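Remarks on the structure that follows.
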Amino acid sequence: MRIGELSERTGTSRRLLRYYEEQGLIVADRLPNGYRDYDERYVDRVRQIRGLLDAGLPTRIIKQVLPCLDKPRTIYFSDATPEILATLEHERDGMTERIQFLTRNRDAIADYLDAVRGGDRRDVPA
DNA sequence: ATTCTAACA
DNA sequence: TGTTAGGA
């Protein structure tokens with residue numbers, strides 16, 4: 001498939017797909033006309049990349065982790081070097097911090113909402 | 001129509 | 001990341 005289809009099927013802009021390639025996250029084959037050519041495997045791969053990006057991992061880290069993940073949404077290291085393990089532990093801690101940050105803000109918003117709506121009205125007052 | 005590269009009101 | 005120019 002060409003970039004347009006991959007874009008639609010992954011919800012990722014063509015611009016971003018080219019950017020991921022530029023960052024070494026994905027490698028596309030080229031059609032005789034120069035167009036990028038992707039196989040089915042890339043649909044999941046791109047989704048996996050987006051997931052890690054949303055989790056807060058920088059592309060440079062994803063680049064190292066990517067070769068260790070394939071089929072489903074799992075990450076497995078049979079060749080986990082101590083450097084990679086240390087990196088992942090750091091990322092894990094970063095995720096934990098972001099989760100706590102999000103939780104605090106979500107609760108603050110939830111409390112605000114509960115305070116504003118006297119327990120009945122579901123729409124925000126003008 | 002679609003995609004490509006490069007570049008930035 | 002979006003958008004756009006200029007080309008295939």
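All residue names refer to the structure tokens as shown: chains lettered A, B, ... in order, residues numbered from 1 in each chain, ligands numbered from 1 in order.
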
Using only C-alpha atoms (C1' of nucleotides), what table do you get, as JSON lines, when you list each residue of chain B with an atom no more than 8 Å from chain A, its nearest pair of atoms, and their distance in Å rounded to one decimal, rows by chain then rising number?
{"residue": "B:DT2", "atom": "C1'", "partner": "A:Gly4", "partner_atom": "CA", "distance": 8.0}
{"residue": "B:DT3", "atom": "C1'", "partner": "A:Tyr35", "partner_atom": "CA", "distance": 6.0}
{"residue": "B:DC4", "atom": "C1'", "partner": "A:Tyr35", "partner_atom": "CA", "distance": 7.3}

Worksheet item: Could you pull out the strand (DSSP E) residues of stretch 20-93 of chain A from DSSP and send them as number ranges by chain?
Response: A: 29-30, 36-37

Could the residues in this selection be saved with all heavy atoms as a CSV table (one decimal), in the first residue's frame?
chain,number,residue,atom,x,y,z
A,29,ASP,N,9.7,0.7,1.4
A,29,ASP,CA,10.3,0.2,0.1
A,29,ASP,C,9.8,1.3,-0.9
A,29,ASP,O,9.0,2.1,-0.5
A,29,ASP,CB,9.6,-1.1,-0.3
A,29,ASP,CG,10.1,-2.2,0.6
A,29,ASP,OD1,11.2,-2.1,1.2
A,29,ASP,OD2,9.3,-3.2,0.8
A,30,ARG,N,10.4,1.3,-2.1
A,30,ARG,CA,10.0,2.3,-3.1
A,30,ARG,C,9.5,1.6,-4.3
A,30,ARG,O,10.1,0.6,-4.8
A,30,ARG,CB,11.3,3.1,-3.4
A,30,ARG,CG,11.7,4.0,-2.3
A,30,ARG,CD,10.8,5.2,-2.0
A,30,ARG,NE,11.3,6.0,-0.9
A,30,ARG,CZ,11.0,7.3,-0.8
A,30,ARG,NH1,10.2,7.9,-1.6
A,30,ARG,NH2,11.4,8.0,0.2
A,36,ARG,N,6.5,5.6,-1.8
A,36,ARG,CA,6.8,4.6,-0.7
A,36,ARG,C,5.8,3.5,-0.8
A,36,ARG,O,4.6,3.7,-1.1
A,36,ARG,CB,6.7,5.4,0.6
A,36,ARG,CG,8.0,5.9,1.1
A,36,ARG,CD,7.8,7.0,2.2
A,36,ARG,NE,7.6,8.3,1.6
A,36,ARG,CZ,8.6,9.3,1.7
A,36,ARG,NH1,9.6,9.1,2.4
A,36,ARG,NH2,8.4,10.4,1.1
A,37,ASP,N,6.3,2.3,-0.5
A,37,ASP,CA,5.4,1.1,-0.5
A,37,ASP,C,5.5,0.4,0.8
A,37,ASP,O,6.6,0.1,1.3
A,37,ASP,CB,5.9,0.2,-1.6
A,37,ASP,CG,5.0,-1.1,-1.8
A,37,ASP,OD1,3.8,-0.9,-1.6
A,37,ASP,OD2,5.6,-2.2,-2.0

Discussion item. Taking only C-alpha atoms (C1' of nucleotides) into account, find every residue of chain A that has an atom no more than 9 Å from chain C, and write it out as an MDAnalysis selection string.
Written reply: chainID A and resid 13 15:16 33

Response to the item:
In Å and to one decimal, atom CA of A:Gln100 is distant from atom CA of A:Gly56 by 13.5 Å

Worksheet item: Please, which residues of stretch 5-96 of chain A, numbered as in this document, come out alpha helix (DSSP H) from DSSP, as a ChimeraX atom specification?
Response: /A:5-10,14-22,41-54,59-65,82-96
